[in-house]
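A.B. asks: As input, take model.cif (mmCIF, C-alpha atoms):
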```cif
data_query
#
loop_
_atom_site.label_atom_id
_atom_site.label_comp_id
_atom_site.auth_asym_id
_atom_site.auth_seq_id
_atom_site.Cartn_x
_atom_site.Cartn_y
_atom_site.Cartn_z
CA MET A 1 -0.25 -22.03 3.72
CA LEU A 2 -1.78 -20.15 0.78
CA ASN A 3 -4.95 -19.51 2.77
CA GLN A 4 -3.04 -17.83 5.58
CA TYR A 5 -1.31 -15.53 3.12
CA LEU A 6 -4.63 -14.63 1.49
CA ILE A 7 -6.23 -13.92 4.87
CA LEU A 8 -3.31 -11.72 5.87
CA SER A 9 -3.61 -9.90 2.56
CA ALA A 10 -7.35 -9.42 3.09
CA ILE A 11 -6.74 -7.99 6.56
CA LEU A 12 -4.15 -5.55 5.23
CA PHE A 13 -6.43 -4.50 2.36
CA THR A 14 -9.26 -3.89 4.82
CA ILE A 15 -7.02 -1.76 7.02
CA GLY A 16 -6.12 0.30 3.96
CA ALA A 17 -9.74 0.66 2.87
CA ALA A 18 -10.79 1.69 6.38
CA GLY A 19 -7.99 4.25 6.42
CA VAL A 20 -9.21 5.82 3.17
CA PHE A 21 -12.74 6.06 4.53
CA VAL A 22 -12.04 7.13 8.10
CA ARG A 23 -9.05 9.46 7.96
CA ARG A 24 -9.41 13.12 7.03
CA ASN A 25 -5.83 13.83 6.02
CA LEU A 26 -4.75 13.66 2.38
CA ILE A 27 -1.30 12.25 3.22
CA THR A 28 -2.73 9.48 5.40
CA ILE A 29 -5.23 8.64 2.68
CA LEU A 30 -2.37 8.24 0.19
CA LEU A 31 -0.55 6.04 2.72
CA SER A 32 -3.69 3.89 3.08
CA ILE A 33 -3.75 3.47 -0.71
CA GLU A 34 -0.15 2.23 -0.49
CA ILE A 35 -1.22 -0.31 2.16
CA MET A 36 -3.93 -1.59 -0.19
CA LEU A 37 -1.48 -1.86 -3.11
CA ASN A 38 0.89 -3.85 -0.90
CA ALA A 39 -1.88 -6.21 0.18
CA VAL A 40 -2.59 -6.90 -3.49
CA ASN A 41 1.13 -7.43 -4.14
CA LEU A 42 1.23 -10.03 -1.38
CA THR A 43 -1.69 -11.83 -3.04
CA PHE A 44 0.11 -11.85 -6.38
CA VAL A 45 3.33 -13.25 -4.91
CA ALA A 46 1.48 -15.87 -2.83
CA PHE A 47 -0.50 -17.10 -5.86
CA GLY A 48 2.63 -17.07 -7.99
CA ARG A 49 4.36 -19.23 -5.38
CA ALA A 50 1.39 -21.60 -5.15
CA LEU A 51 1.22 -21.99 -8.93
CA GLY A 52 4.98 -22.28 -9.26
CA SER A 53 5.35 -19.41 -11.72
CA ALA A 54 7.33 -16.18 -11.69
CA GLU A 55 4.53 -14.18 -13.35
CA GLY A 56 3.19 -13.08 -9.97
CA GLN A 57 6.47 -11.33 -9.27
CA ILE A 58 6.51 -9.69 -12.70
CA ILE A 59 3.13 -8.10 -12.14
CA VAL A 60 4.29 -6.94 -8.69
CA PHE A 61 7.09 -5.11 -10.48
CA PHE A 62 4.52 -3.29 -12.63
CA VAL A 63 2.27 -2.55 -9.65
CA MET A 64 5.23 -0.98 -7.83
CA THR A 65 6.00 1.19 -10.86
CA VAL A 66 2.42 2.41 -11.01
CA ALA A 67 2.47 3.00 -7.24
CA ALA A 68 5.60 5.14 -7.59
CA ALA A 69 3.99 7.19 -10.37
CA GLU A 70 0.80 7.52 -8.34
CA ALA A 71 2.71 8.67 -5.26
CA ALA A 72 4.68 11.27 -7.23
CA VAL A 73 1.62 12.77 -8.95
CA GLY A 74 -0.57 12.46 -5.85
CA LEU A 75 1.93 14.24 -3.63
CA ALA A 76 2.37 16.98 -6.24
CA ILE A 77 -1.42 17.48 -6.17
CA VAL A 78 -1.34 17.53 -2.35
CA ILE A 79 1.35 20.23 -2.40
CA THR A 80 -0.68 22.32 -4.86
CA LEU A 81 -3.87 21.92 -2.82
CA PHE A 82 -2.04 22.86 0.37
CA ARG A 83 -0.76 26.03 -1.27
CA HIS A 84 -4.29 27.09 -2.14
CA LYS A 85 -6.08 26.35 1.13
CA GLU A 86 -3.37 25.82 3.80
CA SER A 87 -5.18 22.63 4.77
CA LEU A 88 -4.86 18.89 4.20
CA ASN A 89 -8.46 18.08 5.06
CA PRO A 90 -10.26 16.76 1.95
CA ASP A 91 -13.49 18.33 3.21
CA SER A 92 -12.07 21.79 2.59
CA PHE A 93 -11.64 21.23 -1.15
CA THR A 94 -15.17 21.64 -2.43
CA ARG A 95 -14.68 24.03 -5.36
CA LEU A 96 -15.78 21.45 -7.93
CA LYS A 97 -18.85 20.39 -5.96
CA TRP A 98 -22.18 21.42 -7.48
CA MET B 1 7.95 -25.42 11.86
CA GLY B 2 10.25 -22.42 11.61
CA SER B 3 8.84 -20.75 8.53
CA ASP B 4 5.31 -20.87 9.96
CA ALA B 5 6.45 -19.05 13.09
CA LEU B 6 8.23 -16.49 10.93
CA PHE B 7 5.07 -16.04 8.84
CA TYR B 8 2.99 -15.28 11.92
CA ALA B 9 5.65 -12.96 13.34
CA PHE B 10 6.01 -10.96 10.11
CA GLY B 11 2.25 -10.98 9.56
CA ALA B 12 1.62 -9.65 13.07
CA ILE B 13 4.19 -6.88 12.57
CA ALA B 14 2.62 -5.92 9.24
CA VAL B 15 -0.93 -5.83 10.61
CA VAL B 16 -0.08 -3.97 13.81
CA ALA B 17 2.10 -1.43 12.00
CA SER B 18 -0.60 -0.84 9.36
CA LEU B 19 -3.23 -0.38 12.05
CA LEU B 20 -1.02 2.15 13.80
CA VAL B 21 -0.49 3.95 10.47
CA ILE B 22 -4.17 4.80 10.23
CA ALA B 23 -4.49 5.38 13.99
CA GLN B 24 -1.66 7.93 14.24
CA ARG B 25 -2.47 11.61 14.18
CA ASN B 26 1.04 12.72 13.26
CA PRO B 27 1.77 11.85 9.59
CA VAL B 28 5.52 11.56 10.28
CA TYR B 29 4.89 8.61 12.61
CA SER B 30 2.46 7.16 10.06
CA VAL B 31 5.13 7.17 7.37
CA LEU B 32 7.76 5.63 9.66
CA LEU B 33 5.34 2.90 10.79
CA LEU B 34 4.47 2.16 7.18
CA ILE B 35 8.18 1.59 6.52
CA ALA B 36 8.13 -0.99 9.35
CA SER B 37 5.10 -2.62 7.75
CA PHE B 38 6.90 -2.78 4.39
CA GLY B 39 9.92 -4.35 6.08
CA ALA B 40 7.70 -7.11 7.48
CA LEU B 41 6.13 -7.62 4.05
CA SER B 42 9.61 -7.92 2.61
CA GLY B 43 10.29 -10.75 5.08
CA LEU B 44 7.08 -12.44 3.89
CA TYR B 45 8.31 -12.22 0.30
CA VAL B 46 11.52 -13.96 1.36
CA LEU B 47 9.39 -16.73 2.91
CA LEU B 48 7.53 -16.97 -0.40
CA ASP B 49 10.82 -17.60 -2.24
CA ALA B 50 10.65 -14.23 -4.01
CA PRO B 51 13.97 -12.56 -3.18
CA PHE B 52 13.74 -10.10 -6.08
CA VAL B 53 10.42 -8.69 -4.86
CA ALA B 54 11.71 -8.61 -1.28
CA VAL B 55 14.70 -6.51 -2.30
CA ILE B 56 12.82 -4.05 -4.50
CA GLN B 57 10.20 -3.76 -1.75
CA ILE B 58 12.93 -2.37 0.49
CA ILE B 59 14.78 -0.32 -2.14
CA VAL B 60 11.84 1.13 -4.08
CA TYR B 61 9.05 1.26 -1.50
CA ALA B 62 10.82 1.87 1.81
CA GLY B 63 13.75 3.66 0.20
CA ALA B 64 12.21 5.84 -2.49
CA ILE B 65 8.44 6.18 -2.20
CA MET B 66 8.34 6.53 1.58
CA VAL B 67 11.19 9.06 1.55
CA LEU B 68 9.14 11.05 -0.96
CA PHE B 69 6.18 10.94 1.44
CA LEU B 70 8.37 11.92 4.39
CA PHE B 71 9.81 14.77 2.36
CA VAL B 72 6.36 16.14 1.53
CA VAL B 73 5.13 15.75 5.13
CA MET B 74 8.07 17.75 6.42
CA LEU B 75 7.86 20.26 3.57
CA LEU B 76 4.21 21.06 4.27
CA ASN B 77 4.85 21.35 8.01
CA ALA B 78 1.25 20.54 8.88
CA PRO B 79 1.70 17.55 11.16
CA HIS B 80 -1.63 17.66 12.93
CA GLU B 81 -4.89 16.86 11.32
CA ASP B 82 -7.43 19.66 11.47
CA THR B 83 -10.91 18.22 11.50
CA VAL B 84 -14.29 19.54 12.33
CA TYR B 85 -14.77 16.49 14.52
CA ASP B 86 -13.13 15.97 17.84
CA GLU B 87 -10.38 13.39 17.40
CA HIS B 88 -11.49 11.67 20.60
CA VAL B 89 -14.75 10.65 18.99
CA HIS B 90 -14.41 7.10 17.76
CA PRO B 91 -14.46 6.99 13.93
CA LEU B 92 -17.33 4.51 13.93
CA LEU B 93 -19.46 6.94 15.92
CA ARG B 94 -18.90 10.03 13.78
CA PRO B 95 -21.78 11.31 11.71
CA GLY B 96 -22.59 10.82 8.07
CA PRO B 97 -20.32 9.39 5.42
CA MET B 98 -17.46 8.62 7.77
CA ARG B 99 -19.60 6.23 9.81
CA PHE B 100 -20.96 4.71 6.62
CA GLY B 101 -17.46 4.27 5.24
CA ALA B 102 -16.15 2.68 8.42
CA ALA B 103 -19.11 0.29 8.56
CA LEU B 104 -18.56 -0.56 4.88
CA ALA B 105 -14.87 -1.33 5.48
CA LEU B 106 -15.81 -3.51 8.47
CA ALA B 107 -18.40 -5.45 6.48
CA PHE B 108 -15.87 -5.86 3.68
CA GLY B 109 -13.32 -7.30 6.09
CA VAL B 110 -15.80 -9.74 7.64
CA GLU B 111 -16.90 -10.85 4.18
CA LEU B 112 -13.35 -11.44 2.99
CA VAL B 113 -12.37 -13.46 6.05
CA TRP B 114 -15.59 -15.46 5.81
CA ALA B 115 -14.99 -16.21 2.14
CA LEU B 116 -11.43 -17.29 2.79
CA THR B 117 -12.13 -19.49 5.82
CA ARG B 118 -15.15 -21.20 4.25
CA GLY B 119 -13.12 -24.29 3.53
CA GLY B 120 -11.54 -25.45 0.33
CA SER B 121 -8.21 -27.20 0.19
CA SER B 122 -5.58 -25.62 2.39
CA GLY B 123 -3.00 -25.48 -0.35
CA GLU B 124 0.41 -26.39 0.94
CA PHE B 125 3.09 -24.93 -1.27
CA ALA B 126 4.99 -27.25 -3.58
CA PRO B 127 8.62 -27.51 -2.53
CA GLY B 128 11.48 -25.78 -4.26
CA ALA B 129 11.20 -23.34 -7.16
CA VAL B 130 13.03 -20.28 -5.92
CA SER B 131 12.51 -17.90 -8.83
CA SER B 132 15.87 -16.34 -9.50
CA VAL B 133 16.46 -12.73 -10.48
CA ALA B 134 17.95 -13.99 -13.75
CA SER B 135 14.79 -15.82 -14.78
CA ILE B 136 12.62 -12.82 -13.86
CA GLY B 137 14.88 -10.52 -15.86
CA ARG B 138 14.73 -12.86 -18.84
CA MET B 139 10.92 -12.88 -18.71
CA LEU B 140 10.77 -9.10 -18.35
CA PHE B 141 12.85 -8.53 -21.46
CA THR B 142 11.27 -11.21 -23.66
CA ASP B 143 7.60 -11.97 -22.92
CA TYR B 144 6.96 -8.70 -21.11
CA ALA B 145 9.20 -6.39 -23.12
CA PHE B 146 6.33 -4.22 -24.36
CA PRO B 147 4.74 -3.59 -20.91
CA PHE B 148 8.23 -2.94 -19.58
CA GLU B 149 8.84 -0.21 -22.16
CA VAL B 150 5.37 1.26 -21.56
CA THR B 151 6.34 1.44 -17.88
CA SER B 152 9.25 3.71 -18.74
CA ILE B 153 6.89 6.07 -20.58
CA LEU B 154 4.56 6.00 -17.56
CA ILE B 155 7.42 7.02 -15.28
CA LEU B 156 8.40 9.82 -17.66
CA VAL B 157 4.80 11.12 -17.78
CA ALA B 158 4.50 10.93 -13.98
CA MET B 159 7.75 12.84 -13.58
CA MET B 160 6.62 15.58 -15.97
CA GLY B 161 3.20 15.68 -14.32
CA ALA B 162 4.70 16.06 -10.85
CA VAL B 163 7.00 18.87 -12.02
CA VAL B 164 4.18 20.72 -13.80
CA LEU B 165 1.69 20.30 -10.93
CA ALA B 166 4.03 21.38 -8.15
CA ARG B 167 5.44 24.32 -10.11
CA ARG B 168 4.87 27.70 -8.53
CA ASP B 169 3.49 30.04 -11.16
#
```
Could you show the structure in this file as structure tokens?
C.D. replies:
Amino acid sequence: MLNQYLILSAILFTIGAAGVFVRRNLITILLSIEIMLNAVNLTFVAFGRALGSAEGQIIVFFVMTVAAAEAAVGLAIVITLFRHKESLNPDSFTRLKW
Amino acid sequence: MGSDALFYAFGAIAVVASLLVIAQRNPVYSVLLLIASFGALSGLYVLLDAPFVAVIQIIVYAGAIMVLFLFVVMLLNAPHEDTVYDEHVHPLLRPGPMRFGAALALAFGVELVWALTRGGSSGEFAPGAVSSVASIGRMLFTDYAFPFEVTSILILVAMMGAVVLARRD
């Protein structure tokens, strides 16, 4: 059963990675990052269950905390960027490119 | 067996909802579909005997983080993606880095599935061992007390950062 969980997690992670690469919308890119974090969480819980320990769930707790912090700061940055350019397309933010 | 059928049902919901998240053009639908995906993942956590994670998945992820996303999407009022490419062009056929990125993600997926299906023991889970909320709480406040306190500082910093960044000056 562990293998099925790991395969499902790999599929979800791949969907998230593809979303980050393919989509050109900052909000959707942040959502894809959340999909990837959740795929990793599923791996942690599945391994914790297979090894019979609760440590997998503890690290999921920390991952969720970091994800919440990342979402708050990331969305604040998105709001600031949108105020400057009136756009959510990452290709339009090239000020720091040399 | 019942739990196997539930695993495949929840897994299918999670995969389909996640695929639709990155296929949708309207971010509001993306956020709502991601909530559905998180609900399915929460069911998987119940199947994995992790009720604590299942509950905080719903409360924290679907309840707090996704509402924050939805709030920002509606606040910005820019539902449709403006791209230089026609949205009808398939992402794999678009020029330059986007095609490279899509091909990379595809290769990554094939590699992962290949690595996981290459054999090895198909580990059936040992019976029993539902980890209770009490035991997780005890571990959090004894063995993991320091990371737990650092987490609170992280949340404080993120809160201050979000306020400072989004401030209109």
A.B. asks: For chain A, which residue among B:Gly137, B:Met98, B:Glu111, B:Phe146 is the nearest when counting all atoms listed in the file?
C.D. replies: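 Nearest to chain A: B:Met98.
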A.B. asks: Selected by the PyMOL selection byres ((chain A) within 7 of (chain B)) in the shown coordinates: which residues, as a PDB file with C-alpha atoms, in the coordinates of the input?
C.D. replies:
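As written to disk, out07.pdb reads:
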```pdb
ATOM      1  CA  MET A   1      -0.250 -22.030   3.720  1.00  0.00           C
ATOM      2  CA  LEU A   2      -1.780 -20.150   0.780  1.00  0.00           C
ATOM      3  CA  ASN A   3      -4.950 -19.510   2.770  1.00  0.00           C
ATOM      4  CA  ILE A   7      -6.230 -13.920   4.870  1.00  0.00           C
ATOM      5  CA  LEU A   8      -3.310 -11.720   5.870  1.00  0.00           C
ATOM      6  CA  ALA A  10      -7.350  -9.420   3.090  1.00  0.00           C
ATOM      7  CA  ILE A  11      -6.740  -7.990   6.560  1.00  0.00           C
ATOM      8  CA  LEU A  12      -4.150  -5.550   5.230  1.00  0.00           C
ATOM      9  CA  THR A  14      -9.260  -3.890   4.820  1.00  0.00           C
ATOM     10  CA  ILE A  15      -7.020  -1.760   7.020  1.00  0.00           C
ATOM     11  CA  ALA A  17      -9.740   0.660   2.870  1.00  0.00           C
ATOM     12  CA  ALA A  18     -10.790   1.690   6.380  1.00  0.00           C
ATOM     13  CA  GLY A  19      -7.990   4.250   6.420  1.00  0.00           C
ATOM     14  CA  PHE A  21     -12.740   6.060   4.530  1.00  0.00           C
ATOM     15  CA  VAL A  22     -12.040   7.130   8.100  1.00  0.00           C
ATOM     16  CA  ARG A  24      -9.410  13.120   7.030  1.00  0.00           C
ATOM     17  CA  ASN A  25      -5.830  13.830   6.020  1.00  0.00           C
ATOM     18  CA  THR A  28      -2.730   9.480   5.400  1.00  0.00           C
ATOM     19  CA  ALA A  46       1.480 -15.870  -2.830  1.00  0.00           C
ATOM     20  CA  ARG A  49       4.360 -19.230  -5.380  1.00  0.00           C
ATOM     21  CA  ALA A  50       1.390 -21.600  -5.150  1.00  0.00           C
ATOM     22  CA  GLY A  52       4.980 -22.280  -9.260  1.00  0.00           C
ATOM     23  CA  ALA A  54       7.330 -16.180 -11.690  1.00  0.00           C
ATOM     24  CA  GLN A  57       6.470 -11.330  -9.270  1.00  0.00           C
ATOM     25  CA  ILE A  58       6.510  -9.690 -12.700  1.00  0.00           C
ATOM     26  CA  ALA A  68       5.600   5.140  -7.590  1.00  0.00           C
ATOM     27  CA  ALA A  69       3.990   7.190 -10.370  1.00  0.00           C
ATOM     28  CA  ALA A  71       2.710   8.670  -5.260  1.00  0.00           C
ATOM     29  CA  ALA A  72       4.680  11.270  -7.230  1.00  0.00           C
ATOM     30  CA  VAL A  73       1.620  12.770  -8.950  1.00  0.00           C
ATOM     31  CA  ALA A  76       2.370  16.980  -6.240  1.00  0.00           C
ATOM     32  CA  ILE A  77      -1.420  17.480  -6.170  1.00  0.00           C
ATOM     33  CA  ILE A  79       1.350  20.230  -2.400  1.00  0.00           C
ATOM     34  CA  THR A  80      -0.680  22.320  -4.860  1.00  0.00           C
ATOM     35  CA  ASN A  89      -8.460  18.080   5.060  1.00  0.00           C
TER      36      ASN A  89
END
```
A.B. asks: So how many Å separate atom CA of Ser9 of chain A and atom CA of Met36 of chain A, to one decimal?
C.D. replies: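 Those two atoms sit 8.8 Å apart.
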A.B. asks: Distance atom CA of Asn77 of chain B-atom CA of Phe93 of chain A, one decimal place?
C.D. replies: 18.9 Å
A.B. asks: To one decimal in Å, tell me the separation between atom CA of Gly48 of chain A and atom CA of Ala5 of chain B.
C.D. replies: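 According to the coordinates, atom CA of Gly48 of chain A and atom CA of Ala5 of chain B are separated by 21.5 Å.
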A.B. asks: Which of these, A:Leu96, A:Leu30, A:Val45, A:Leu51, has the shortest distance to Ala67 of chain A once you count only C-alpha atoms?
C.D. replies: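 Under the stated criterion, the closest residue is A:Leu30.
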A.B. asks: Could you check the closest approach to Leu75 of chain A for each of A:Leu6, A:Val40, A:Leu88, A:Val63 and tell me which residue wins, using only C-alpha atoms?
C.D. replies: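 Of all the options, A:Leu88 lies closest to Leu75 of chain A.
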A.B. asks: With N, CA and C atoms as the goal, would you fill in the gaps in segment 4-20 of chain A and present it as an mmCIF file, in the coordinates of the input?
C.D. replies:
```cif
data_model
loop_
_atom_site.group_PDB
_atom_site.id
_atom_site.type_symbol
_atom_site.label_atom_id
_atom_site.label_comp_id
_atom_site.auth_asym_id
_atom_site.auth_seq_id
_atom_site.Cartn_x
_atom_site.Cartn_y
_atom_site.Cartn_z
ATOM 1 N N GLN A 4 -3.493 -18.802 4.583
ATOM 2 C CA GLN A 4 -3.040 -17.830 5.580
ATOM 3 C C GLN A 4 -2.544 -16.556 4.918
ATOM 4 N N TYR A 5 -1.809 -16.715 3.821
ATOM 5 C CA TYR A 5 -1.310 -15.530 3.120
ATOM 6 C C TYR A 5 -2.470 -14.694 2.581
ATOM 7 N N LEU A 6 -3.501 -15.372 2.047
ATOM 8 C CA LEU A 6 -4.630 -14.630 1.490
ATOM 9 C C LEU A 6 -5.391 -13.914 2.590
ATOM 10 N N ILE A 7 -5.524 -14.570 3.766
ATOM 11 C CA ILE A 7 -6.230 -13.920 4.870
ATOM 12 C C ILE A 7 -5.455 -12.701 5.348
ATOM 13 N N LEU A 8 -4.135 -12.860 5.469
ATOM 14 C CA LEU A 8 -3.310 -11.720 5.870
ATOM 15 C C LEU A 8 -3.466 -10.568 4.880
ATOM 16 N N SER A 9 -3.463 -10.913 3.589
ATOM 17 C CA SER A 9 -3.610 -9.900 2.560
ATOM 18 C C SER A 9 -4.970 -9.216 2.666
ATOM 19 N N ALA A 10 -6.022 -10.003 2.943
ATOM 20 C CA ALA A 10 -7.350 -9.420 3.090
ATOM 21 C C ALA A 10 -7.397 -8.468 4.275
ATOM 22 N N ILE A 11 -6.744 -8.862 5.371
ATOM 23 C CA ILE A 11 -6.740 -7.990 6.560
ATOM 24 C C ILE A 11 -6.034 -6.674 6.228
ATOM 25 N N LEU A 12 -4.880 -6.772 5.556
ATOM 26 C CA LEU A 12 -4.150 -5.550 5.230
ATOM 27 C C LEU A 12 -4.961 -4.663 4.283
ATOM 28 N N PHE A 13 -5.623 -5.277 3.294
ATOM 29 C CA PHE A 13 -6.430 -4.500 2.360
ATOM 30 C C PHE A 13 -7.551 -3.787 3.094
ATOM 31 N N THR A 14 -8.170 -4.508 4.065
ATOM 32 C CA THR A 14 -9.260 -3.890 4.820
ATOM 33 C C THR A 14 -8.768 -2.722 5.642
ATOM 34 N N ILE A 15 -7.580 -2.879 6.242
ATOM 35 C CA ILE A 15 -7.020 -1.760 7.020
ATOM 36 C C ILE A 15 -6.835 -0.548 6.110
ATOM 37 N N GLY A 16 -6.308 -0.806 4.896
ATOM 38 C CA GLY A 16 -6.120 0.300 3.960
ATOM 39 C C GLY A 16 -7.426 0.951 3.561
ATOM 40 N N ALA A 17 -8.448 0.115 3.264
ATOM 41 C CA ALA A 17 -9.740 0.660 2.870
ATOM 42 C C ALA A 17 -10.350 1.474 4.001
ATOM 43 N N ALA A 18 -10.254 0.952 5.232
ATOM 44 C CA ALA A 18 -10.790 1.690 6.380
ATOM 45 C C ALA A 18 -10.064 3.014 6.546
ATOM 46 N N GLY A 19 -8.745 3.006 6.302
ATOM 47 C CA GLY A 19 -7.990 4.250 6.420
ATOM 48 C C GLY A 19 -8.459 5.294 5.424
ATOM 49 N N VAL A 20 -8.735 4.866 4.178
ATOM 50 C CA VAL A 20 -9.210 5.820 3.170
ATOM 51 C C VAL A 20 -10.540 6.415 3.595
#
```
